[in-house]
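Engineer: Below you'll find model_32.txt; it's compact mmCIF, C-alpha atoms.
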```txt
# COMPACT_ATOMS: atom_id res chain seq x y z
CA MET U 162 -1.19 -5.76 23.26
CA ASN U 163 -2.50 -7.01 19.92
CA GLY U 164 -3.19 -3.47 18.68
CA LEU U 165 0.27 -2.11 19.58
CA SER U 166 3.16 -1.72 17.19
CA VAL U 167 6.23 -3.94 17.35
CA ARG U 168 8.29 -0.98 18.52
CA THR U 169 5.92 -0.33 21.42
CA LYS U 170 5.91 -4.01 22.37
CA LEU U 171 9.70 -4.22 22.35
CA THR U 172 9.93 -1.07 24.46
CA ALA U 173 7.37 -2.41 26.93
CA TRP U 174 9.17 -5.75 27.24
CA TYR U 175 12.54 -4.05 27.67
CA GLY U 176 11.18 -1.66 30.32
CA ALA U 177 9.36 -4.45 32.17
CA LEU U 178 12.43 -6.70 32.26
CA PHE U 179 14.63 -3.81 33.41
CA LEU U 180 12.13 -2.91 36.13
CA LEU U 181 11.92 -6.53 37.28
CA ALA U 182 15.70 -6.80 37.43
CA GLY U 183 15.85 -3.53 39.37
CA VAL U 184 13.27 -4.74 41.91
CA VAL U 185 15.20 -7.99 42.43
CA LEU U 186 18.41 -6.00 42.91
CA VAL U 187 16.76 -3.67 45.45
CA VAL U 188 15.38 -6.63 47.43
CA ILE U 189 18.79 -8.34 47.49
CA ASN U 190 20.46 -5.10 48.56
CA TYR U 191 17.85 -4.61 51.29
CA LEU U 192 18.41 -8.13 52.68
CA LEU U 193 22.19 -7.70 52.62
CA VAL U 194 22.04 -4.37 54.48
CA GLN U 195 19.51 -5.76 56.96
CA SER U 196 21.76 -8.71 57.76
CA THR U 197 24.79 -6.44 58.06
CA LEU U 198 23.25 -4.04 60.59
CA PRO U 199 23.78 -5.27 64.22
CA ASP U 200 20.93 -6.56 66.38
CA PRO U 201 19.92 -3.80 68.90
CA VAL U 202 19.45 -6.11 71.94
CA ARG U 203 22.72 -7.96 71.40
CA VAL U 204 24.64 -4.72 70.96
CA ALA U 205 23.05 -3.24 74.13
CA ASN U 206 23.97 -6.32 76.23
CA ARG U 207 27.51 -6.28 74.88
CA THR U 208 27.85 -2.55 75.63
CA ILE U 209 26.64 -2.96 79.25
CA ASP U 210 28.95 -5.93 79.83
CA THR U 211 31.91 -4.02 78.45
CA ALA U 212 31.16 -1.03 80.67
CA ASP U 213 30.95 -3.27 83.79
CA VAL U 214 34.24 -4.94 83.07
CA THR U 215 36.07 -1.73 82.21
CA TYR U 216 34.79 0.71 84.79
CA GLY U 217 33.51 -1.63 87.52
CA VAL U 218 31.63 0.01 90.38
CA SER U 219 31.90 3.51 88.97
CA ALA U 220 30.13 2.39 85.77
CA GLN U 221 27.36 0.68 87.66
CA ALA U 222 26.80 3.88 89.65
CA ALA U 223 26.76 6.07 86.53
CA LEU U 224 24.47 3.89 84.43
CA PRO U 225 20.83 3.16 85.16
CA ALA U 226 19.67 -0.30 86.05
CA PRO U 227 20.85 -2.97 83.57
CA GLY U 228 17.32 -3.69 82.25
CA VAL U 229 16.55 -0.01 81.73
CA ALA U 230 19.91 0.62 80.07
CA ILE U 231 19.50 -2.29 77.71
CA GLN U 232 16.00 -1.10 76.76
CA LEU U 233 17.14 2.48 76.13
CA LEU U 234 20.18 1.47 74.12
CA SER U 235 18.34 -1.14 72.07
CA GLY U 236 15.58 1.37 71.31
CA SER U 237 18.09 3.88 69.96
CA LEU U 238 19.76 1.23 67.85
CA ASP U 239 16.41 -0.02 66.57
CA THR U 240 15.46 3.54 65.55
CA TYR U 241 18.76 3.89 63.72
CA ARG U 242 18.30 0.50 62.03
CA SER U 243 14.73 1.35 60.88
CA SER U 244 15.81 4.78 59.66
CA THR U 245 18.69 3.31 57.68
CA LEU U 246 16.53 0.66 56.04
CA SER U 247 13.76 3.19 55.24
CA THR U 248 16.27 5.56 53.68
CA LEU U 249 17.69 2.68 51.66
CA VAL U 250 14.25 1.60 50.39
CA VAL U 251 13.09 5.14 49.49
CA GLY U 252 16.35 6.05 47.79
CA SER U 253 16.45 2.78 45.87
CA ALA U 254 12.81 3.19 44.76
CA ILE U 255 13.42 6.72 43.48
CA ALA U 256 16.58 5.68 41.68
CA LEU U 257 14.76 2.65 40.22
CA VAL U 258 11.87 4.76 38.87
CA VAL U 259 14.22 7.32 37.29
CA THR U 260 16.44 4.62 35.82
CA ALA U 261 13.41 2.68 34.53
CA ALA U 262 12.12 5.81 32.77
CA LEU U 263 15.51 6.34 31.14
CA ALA U 264 15.59 2.65 30.20
CA VAL U 265 12.17 2.91 28.52
CA LEU U 266 13.33 5.97 26.56
CA PHE U 267 16.54 4.23 25.60
CA GLY U 268 14.60 1.09 24.63
CA TRP U 269 12.22 3.15 22.45
CA LEU U 270 15.15 4.72 20.60
CA MET U 271 17.00 1.43 20.18
CA ALA U 272 13.83 -0.38 19.02
CA GLY U 273 13.26 2.32 16.40
CA ARG U 274 16.83 2.01 15.19
CA ALA U 275 16.63 -1.79 15.08
CA LEU U 276 13.30 -1.76 13.20
CA ARG U 277 14.32 0.92 10.69
CA PRO U 278 15.13 -1.67 7.98
CA LEU U 279 11.64 -3.12 8.41
CA HIS U 280 10.14 0.33 7.83
CA ASP U 281 12.28 0.66 4.70
CA ILE U 282 10.97 -2.68 3.45
CA THR U 283 7.38 -1.64 4.17
CA SER U 284 7.69 1.75 2.47
CA THR U 285 9.36 0.15 -0.56
CA ALA U 286 6.61 -2.45 -0.84
CA ARG U 287 3.94 0.26 -0.69
CA ARG U 288 5.53 2.20 -3.55
CA LEU U 289 5.77 -0.82 -5.81
CA GLU U 290 3.46 -1.31 -8.77
CA ALA U 291 3.16 -4.09 -11.30
CA GLY U 292 4.85 -1.98 -13.94
CA LYS U 293 7.36 -0.21 -11.67
CA LEU U 294 9.49 -2.73 -9.83
CA ASP U 295 12.70 -0.71 -9.99
CA ARG U 296 12.86 0.24 -6.30
CA ARG U 297 15.25 -1.65 -4.01
CA ILE U 298 16.14 -1.42 -0.32
CA ASN U 299 19.92 -1.92 -0.68
CA LEU U 300 20.40 -2.13 3.09
CA GLU U 301 23.94 -1.51 4.25
CA GLY U 302 25.33 -2.93 7.47
CA PRO U 303 26.62 -6.11 9.10
CA PRO U 304 25.33 -9.45 7.80
CA ASP U 305 22.62 -9.88 10.43
CA GLU U 306 19.04 -11.12 10.22
CA LEU U 307 17.61 -7.77 9.06
CA LYS U 308 20.13 -7.43 6.23
CA GLU U 309 19.37 -10.99 5.19
CA LEU U 310 15.66 -10.13 5.11
CA ALA U 311 16.27 -6.97 3.06
CA ASP U 312 18.52 -8.83 0.60
CA THR U 313 15.92 -11.58 0.26
CA PHE U 314 13.25 -8.96 -0.46
CA ASP U 315 15.48 -7.31 -3.09
CA GLY U 316 16.09 -10.69 -4.71
CA MET U 317 12.36 -11.36 -4.82
CA LEU U 318 11.81 -7.99 -6.51
CA ASP U 319 14.49 -8.83 -9.08
CA ARG U 320 12.72 -12.07 -9.94
CA LEU U 321 9.32 -10.35 -10.11
CA ALA U 322 10.66 -7.59 -12.35
CA GLU U 323 12.21 -10.14 -14.67
CA SER U 324 8.96 -12.10 -14.78
CA PHE U 325 6.86 -8.99 -15.55
CA ASP U 326 9.29 -7.84 -18.24
CA SER U 327 9.24 -11.27 -19.83
CA GLN U 328 5.45 -11.28 -19.80
CA LYS U 329 5.24 -7.82 -21.37
CA ARG U 330 7.75 -8.73 -24.06
CA PHE U 331 5.77 -11.87 -24.85
CA VAL U 332 2.50 -9.94 -25.17
CA ALA U 333 4.09 -7.28 -27.37
CA ASN U 334 5.89 -9.78 -29.60
CA ALA U 335 2.87 -12.06 -29.91
CA SER U 336 0.62 -9.11 -30.77
CA HIS U 337 3.04 -7.92 -33.44
CA GLU U 338 3.30 -11.40 -34.91
CA LEU U 339 -0.48 -11.81 -35.06
CA ARG U 340 -1.22 -8.52 -36.77
CA THR U 341 0.24 -9.59 -40.12
CA PRO U 342 -1.76 -12.84 -40.58
CA LEU U 343 -4.94 -11.09 -39.49
CA ALA U 344 -4.37 -8.37 -42.07
CA VAL U 345 -3.78 -11.01 -44.72
CA GLN U 346 -6.97 -12.83 -43.72
CA ARG U 347 -8.99 -9.62 -43.93
CA THR U 348 -7.61 -8.89 -47.39
CA LEU U 349 -8.40 -12.40 -48.65
CA ILE U 350 -11.95 -12.23 -47.32
CA GLU U 351 -12.55 -8.81 -48.85
CA VAL U 352 -11.19 -9.98 -52.22
CA ALA U 353 -13.36 -13.10 -52.12
CA MET U 354 -16.47 -11.08 -51.26
CA ALA U 355 -15.78 -8.63 -54.09
CA ASP U 356 -16.39 -11.41 -56.63
CA PRO U 357 -19.92 -10.90 -58.07
CA ASP U 358 -20.35 -14.65 -58.53
CA VAL U 359 -20.03 -15.42 -54.80
CA PRO U 360 -23.22 -17.06 -53.43
CA GLN U 361 -25.25 -15.20 -50.82
CA GLU U 362 -24.42 -17.78 -48.16
CA LEU U 363 -20.69 -17.23 -48.65
CA LYS U 364 -21.18 -13.45 -48.50
CA LYS U 365 -22.99 -13.81 -45.19
CA LEU U 366 -20.19 -16.05 -43.93
CA GLY U 367 -17.59 -13.57 -45.19
CA THR U 368 -19.33 -10.70 -43.38
CA HIS U 369 -19.31 -12.68 -40.16
CA LEU U 370 -15.62 -13.52 -40.64
CA LEU U 371 -14.81 -9.85 -41.26
CA HIS U 372 -16.53 -8.86 -38.02
CA THR U 373 -14.60 -11.56 -36.17
CA ASN U 374 -11.36 -10.46 -37.80
CA GLU U 375 -11.96 -6.82 -36.88
CA ARG U 376 -12.64 -7.79 -33.29
CA SER U 377 -9.38 -9.80 -33.16
CA GLU U 378 -7.48 -6.84 -34.58
CA ARG U 379 -8.94 -4.52 -31.96
CA MET U 380 -8.04 -7.01 -29.24
CA ILE U 381 -4.45 -7.26 -30.45
CA GLU U 382 -4.21 -3.48 -30.71
CA GLY U 383 -5.52 -3.25 -27.17
CA LEU U 384 -2.92 -5.75 -25.95
CA LEU U 385 -0.21 -3.69 -27.61
CA VAL U 386 -1.45 -0.56 -25.84
CA LEU U 387 -1.54 -2.41 -22.51
CA ALA U 388 2.01 -3.69 -23.01
CA ARG U 389 3.16 -0.20 -23.94
CA THR U 390 1.56 1.54 -20.98
CA ASP U 391 2.75 -1.11 -18.52
CA ARG U 392 6.33 -0.29 -19.50
CA GLY U 393 5.70 3.35 -18.54
CA LEU U 394 6.16 6.57 -20.48
CA THR U 395 9.54 7.36 -21.96
CA ALA U 396 8.67 11.01 -22.66
CA ARG U 397 5.98 13.49 -21.64
CA THR U 398 4.71 16.54 -23.45
CA PRO U 399 2.03 19.10 -22.50
CA VAL U 400 -1.32 17.88 -23.85
CA ARG U 401 -4.62 19.77 -23.93
CA LEU U 402 -7.07 17.18 -22.66
CA ASP U 403 -10.10 19.31 -23.56
CA GLU U 404 -8.98 19.52 -27.21
CA ILE U 405 -8.50 15.74 -27.34
CA ALA U 406 -11.99 15.21 -25.90
CA ALA U 407 -13.53 17.56 -28.47
CA SER U 408 -11.75 15.74 -31.28
CA VAL U 409 -12.92 12.34 -30.03
CA VAL U 410 -16.53 13.52 -29.72
CA ARG U 411 -16.45 14.78 -33.33
CA ALA U 412 -14.92 11.50 -34.52
CA THR U 413 -17.59 9.39 -32.79
CA ALA U 414 -20.55 11.59 -33.78
CA ALA U 415 -21.60 9.22 -36.58
CA GLN U 416 -21.52 6.22 -34.23
CA ALA U 417 -23.59 8.09 -31.66
CA SER U 418 -26.14 9.16 -34.28
CA GLU U 419 -26.44 5.60 -35.57
CA ALA U 420 -27.00 4.31 -32.03
CA GLY U 421 -29.59 7.05 -31.28
CA VAL U 422 -27.49 8.48 -28.44
CA THR U 423 -27.08 12.18 -27.70
CA VAL U 424 -23.57 13.31 -26.68
CA GLU U 425 -23.21 16.46 -24.57
CA THR U 426 -19.93 18.05 -23.53
CA ARG U 427 -18.58 20.55 -21.06
CA LEU U 428 -14.91 21.03 -21.80
CA ARG U 429 -12.82 23.39 -19.73
CA PRO U 430 -9.14 24.03 -20.57
CA ARG U 431 -6.99 21.39 -18.92
CA THR U 432 -3.33 20.61 -19.68
CA VAL U 433 -1.68 17.38 -18.58
CA ALA U 434 1.80 16.00 -19.16
CA GLY U 435 1.82 12.76 -21.10
CA ASP U 436 1.54 10.96 -24.41
CA PRO U 437 -1.11 12.49 -26.71
CA VAL U 438 -1.71 9.20 -28.56
CA LEU U 439 -2.35 7.24 -25.36
CA LEU U 440 -4.53 9.98 -23.90
CA GLU U 441 -6.58 10.06 -27.10
CA ARG U 442 -6.99 6.29 -26.81
CA LEU U 443 -8.16 6.70 -23.22
CA VAL U 444 -10.83 9.26 -24.13
CA THR U 445 -11.90 7.27 -27.20
CA ASN U 446 -12.40 4.08 -25.19
CA LEU U 447 -14.55 5.88 -22.63
CA VAL U 448 -16.74 7.64 -25.21
CA VAL U 449 -17.12 4.56 -27.41
CA ASN U 450 -18.02 2.40 -24.40
CA ALA U 451 -20.55 4.99 -23.24
CA ILE U 452 -22.18 4.96 -26.69
CA THR U 453 -22.02 1.20 -27.18
CA TYR U 454 -23.42 0.17 -23.81
CA ASN U 455 -26.36 2.51 -23.90
CA ALA U 456 -30.00 2.48 -24.93
CA THR U 457 -31.76 4.03 -27.91
CA GLY U 458 -32.64 7.61 -27.05
CA GLY U 459 -29.98 7.63 -24.30
CA TRP U 460 -27.34 10.22 -23.55
CA VAL U 461 -23.61 10.55 -22.93
CA TYR U 462 -22.07 13.42 -20.96
CA VAL U 463 -18.34 14.19 -21.35
CA GLU U 464 -16.74 16.72 -19.01
CA VAL U 465 -13.16 17.96 -18.69
CA ARG U 466 -12.33 20.06 -15.65
CA GLY U 467 -9.79 20.44 -12.88
CA ASP U 468 -10.35 17.46 -10.61
CA PRO U 469 -11.14 14.89 -11.81
CA ALA U 470 -9.56 15.69 -15.15
CA LEU U 471 -12.12 13.71 -17.15
CA GLU U 472 -15.57 12.37 -16.37
CA VAL U 473 -17.80 10.39 -18.74
CA ARG U 474 -21.36 9.53 -17.74
CA ASN U 475 -23.98 7.67 -19.73
CA SER U 476 -27.47 6.26 -19.48
CA GLY U 477 -28.16 2.61 -20.07
CA PRO U 478 -28.86 -0.62 -18.22
CA VAL U 479 -28.42 -0.82 -14.46
CA VAL U 480 -24.91 -1.84 -13.39
CA PRO U 481 -24.66 -3.83 -10.12
CA PRO U 482 -22.21 -2.13 -7.71
CA GLU U 483 -20.39 -5.39 -7.02
CA ALA U 484 -19.69 -5.81 -10.75
CA VAL U 485 -18.01 -2.42 -11.22
CA PRO U 486 -14.47 -3.43 -10.11
CA THR U 487 -14.43 -6.35 -12.57
CA LEU U 488 -15.06 -4.03 -15.52
CA PHE U 489 -11.44 -2.82 -15.31
CA GLU U 490 -10.09 -6.35 -15.67
CA PRO U 491 -9.08 -7.54 -19.16
CA PHE U 492 -11.71 -9.54 -21.08
CA ARG U 493 -14.32 -8.99 -18.38
CA ARG U 494 -17.82 -7.74 -19.14
CA LEU U 495 -21.10 -7.54 -17.35
CA GLY U 496 -23.16 -10.70 -17.16
CA GLY U 497 -25.99 -9.04 -19.07
CA ALA U 498 -26.67 -9.72 -22.74
CA GLU U 499 -25.76 -6.13 -23.62
CA ARG U 500 -22.06 -6.92 -23.11
CA THR U 501 -21.66 -10.67 -23.38
CA GLY U 502 -23.59 -10.74 -26.63
CA ASP U 503 -21.54 -8.00 -28.25
CA THR U 504 -18.83 -9.62 -30.37
CA ARG U 505 -17.54 -6.32 -31.74
CA ASN U 506 -15.54 -5.47 -28.63
CA ALA U 507 -12.56 -7.23 -27.11
CA GLY U 508 -13.28 -6.43 -23.47
CA LEU U 509 -10.13 -4.30 -23.06
CA GLY U 510 -11.66 -0.82 -23.12
CA LEU U 511 -11.64 0.02 -19.41
CA SER U 512 -8.48 -2.02 -18.85
CA ILE U 513 -6.69 0.26 -21.28
CA VAL U 514 -8.23 3.32 -19.61
CA ARG U 515 -6.90 2.29 -16.21
CA SER U 516 -3.48 1.33 -17.59
CA VAL U 517 -3.06 4.62 -19.48
CA ALA U 518 -4.15 6.61 -16.41
CA GLN U 519 -1.64 4.79 -14.21
CA ALA U 520 1.13 5.33 -16.78
CA HIS U 521 0.44 9.08 -16.47
CA GLY U 522 0.59 9.01 -12.67
CA GLY U 523 -3.19 9.00 -12.16
CA TYR U 524 -5.97 6.49 -11.78
CA ALA U 525 -9.44 5.69 -13.08
CA GLU U 526 -12.49 4.69 -11.09
CA ALA U 527 -16.14 3.98 -11.84
CA GLN U 528 -19.46 3.91 -10.07
CA PRO U 529 -22.94 2.96 -11.24
CA GLY U 530 -25.42 5.68 -12.11
CA ARG U 531 -28.52 6.24 -10.03
CA ARG U 532 -30.89 5.26 -12.85
CA GLY U 533 -28.56 3.04 -14.80
CA GLY U 534 -25.43 3.48 -16.81
CA LEU U 535 -21.94 4.14 -15.52
CA THR U 536 -19.88 7.11 -14.39
CA VAL U 537 -16.15 6.85 -15.04
CA THR U 538 -13.76 9.45 -13.63
CA VAL U 539 -10.10 9.81 -14.52
CA ARG U 540 -7.75 11.76 -12.27
CA LEU U 541 -4.51 12.98 -13.81
CA PRO U 542 -1.78 15.22 -12.39
CA ARG U 543 -1.43 18.67 -13.90
CA ALA U 544 1.35 19.48 -16.32
```
Here is a file; write its structure as structure tokens.

Structural biologist:
Amino acid sequence: MNGLSVRTKLTAWYGALFLLAGVVLVVINYLLVQSTLPDPVRVANRTIDTADVTYGVSAQAALPAPGVAIQLLSGSLDTYRSSTLSTLVVGSAIALVVTAALAVLFGWLMAGRALRPLHDITSTARRLEAGKLDRRINLEGPPDELKELADTFDGMLDRLAESFDSQKRFVANASHELRTPLAVQRTLIEVAMADPDVPQELKKLGTHLLHTNERSERMIEGLLVLARTDRGLTARTPVRLDEIAASVVRATAAQASEAGVTVETRLRPRTVAGDPVLLERLVTNLVVNAITYNATGGWVYVEVRGDPALEVRNSGPVVPPEAVPTLFEPFRRLGGAERTGDTRNAGLGLSIVRSVAQAHGGYAEAQPGRRGGLTVTVRLPRA
């Protein structure tokens, strides 16, 4: 019974216990009726003795011999006794089977009614997401064990929602607070490097610091986008995804040319409901990643169509299949030198892609290419 549902198990136990109780009741009833029915031989002897005393010689002349009379009368009584007991057993068995079937049906209905709060808890848990913890069970009824379980689950969701909100507020506030000092640092470095009397060693150090500063700014901007998308969208407008993709490809053309990568597109009209700024960030991250993690003379293919809404494929180094899921985690890169050695990126590109897709009611997935590279598909609901 390990593979059966709880409802089926409860129904089976209820039906089995009812059937066992019915069998015990039938056996007790059978024994009581059997003990109540008179013994055929004793009744025959008593009948013959009564006839002798009452009618005397006339009775003895009318009846057959005492032994024959007793045998005939006891046989008739034994037939009646057997017939009565057989009728009792058959009737009780039929009634027990019918009643057991009704009991199983009744048990199935009652088990479903009793387990309904558990189904509500399960369905609520399945609909929950890290950024959408607003669903509650709010079970109404007497203060029994199931209501206590539902209330405990609602309380746990309240604590989780408060914890997630606190975490998002901290990320957003910390990112905002860090943007100002980073901007000041960049300005000071640029002013210092603009001095013609600065030694070459300091210029090299300043260039390295600028690259580090730019990477920190991109990381903070990425954290802000993640915090924003995790809170969900406050408003949605119709957005032409194909026009956004065309704009992103034009904006990254210089980067692709510098990297020696050819970008090809196939953009069909596709309208989605969402935030145009976030969707542009999604497409930009995918195209920039496809250009950055590529090889000289490689290619990038961007396609917008019905389903999936967006697909970006690129050539490049071979990606192990087991490493693909980790690419969507923040600050995670491949173990190869192509990604770990690149200090220009913050490791939030695909994390932002997945977060923006989920904020729009879709999802993003990736799979390694046959000859290297990565294929990322984004599915979004239509407007």

Engineer: Figure out the distance between CA of Arg330 (chain U) and CA of Asp315 (chain U), please, to one decimal in Å.

Structural biologist: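 Distance between the two atoms: 22.4 Å.
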
Engineer: Find the residues with any atom within 8 Å of (-30.5, 8.7, -18.9); use all atoms listed in the file and the coordinates as given in the file, and write the answer as a list of chain:residue names.

Structural biologist: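 The residues near that point, listed by chain and number, are U:Gly459, U:Trp460, U:Asn475, U:Ser476, U:Gly477, U:Arg532, U:Gly533, U:Gly534.
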
Engineer: Give me, as an MDAnalysis selection string, all polymer residues having an atom no more than 9 Å from Asn450 (chain U), counting all atoms listed in the file and skipping those fewer than 5 positions away in the same chain.

Structural biologist: chainID U and resid 445 455 510:511

Engineer: Using all atoms listed in the file for the distances, tell me which of U:Leu447, U:Ala407, U:Leu371, U:Ala434 is nearest to Ala544 (chain U).

Structural biologist: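 The answer is U:Ala434, which sits nearest to Ala544 (chain U).
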
Engineer: Set the distance at 9 Å and use all atoms listed in the file: which residues neighbour Ile298 (chain U) once local chain neighbours fewer than 3 positions away are removed? I'd like the list as a PDB file with C-alpha atoms, keeping the file's coordinate frame.

Structural biologist:
```pdb
ATOM      1  CA  PRO U 278      15.130  -1.670   7.980  1.00  0.00           C
ATOM      2  CA  ASP U 281      12.280   0.660   4.700  1.00  0.00           C
ATOM      3  CA  ILE U 282      10.970  -2.680   3.450  1.00  0.00           C
ATOM      4  CA  THR U 285       9.360   0.150  -0.560  1.00  0.00           C
ATOM      5  CA  ALA U 311      16.270  -6.970   3.060  1.00  0.00           C
ATOM      6  CA  ASP U 312      18.520  -8.830   0.600  1.00  0.00           C
ATOM      7  CA  PHE U 314      13.250  -8.960  -0.460  1.00  0.00           C
ATOM      8  CA  ASP U 315      15.480  -7.310  -3.090  1.00  0.00           C
TER       9      ASP U 315
END
```

Engineer: Taking all atoms listed in the file into account, name the residue in U:Gly458, U:Lys329, U:Ala275, U:His280 that is nearest to Asp305 (chain U).

Structural biologist: U:Ala275

Engineer: If you measure from CA of Val187 (chain U) to CA of Leu249 (chain U), what distance in Å do you get, rounded to one decimal?

Structural biologist: 8.9 Å

Engineer: If we count all atoms listed in the file and set the cut-off at 10 Å, which residues sit around Met271 (chain U), ignoring sequence neighbours fewer than 6 positions away in its own chain? Please answer as a PDB file with C-alpha atoms, in the frame of the given file.

Structural biologist:
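Everything below was put into part-v1.pdb:
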```pdb
ATOM      1  CA  ARG U 168       8.290  -0.980  18.520  1.00  0.00           C
ATOM      2  CA  LEU U 171       9.700  -4.220  22.350  1.00  0.00           C
ATOM      3  CA  THR U 172       9.930  -1.070  24.460  1.00  0.00           C
ATOM      4  CA  VAL U 265      12.170   2.910  28.520  1.00  0.00           C
ATOM      5  CA  ARG U 277      14.320   0.920  10.690  1.00  0.00           C
TER       6      ARG U 277
END
```

Engineer: Would you mind telling me which residue in U:Leu257, U:Ala396, U:Leu321, U:Leu192 lies nearest to Asp295 (chain U) when using all atoms listed in the file?

Structural biologist: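 Under the stated criterion, the closest residue is U:Leu321.
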
Engineer: Please compute the CA of Gln361 (chain U)-CA of Glu419 (chain U) distance, one decimal, in Å.

Structural biologist: 25.8 Å

Engineer: Please list as a PyMOL selection string every residue within 12 Å of Thr457 (chain U), counting all atoms listed in the file and excluding residues in the same chain fewer than 4 positions away.

Structural biologist: chain U and resi 417-423+452-453+461+475-478
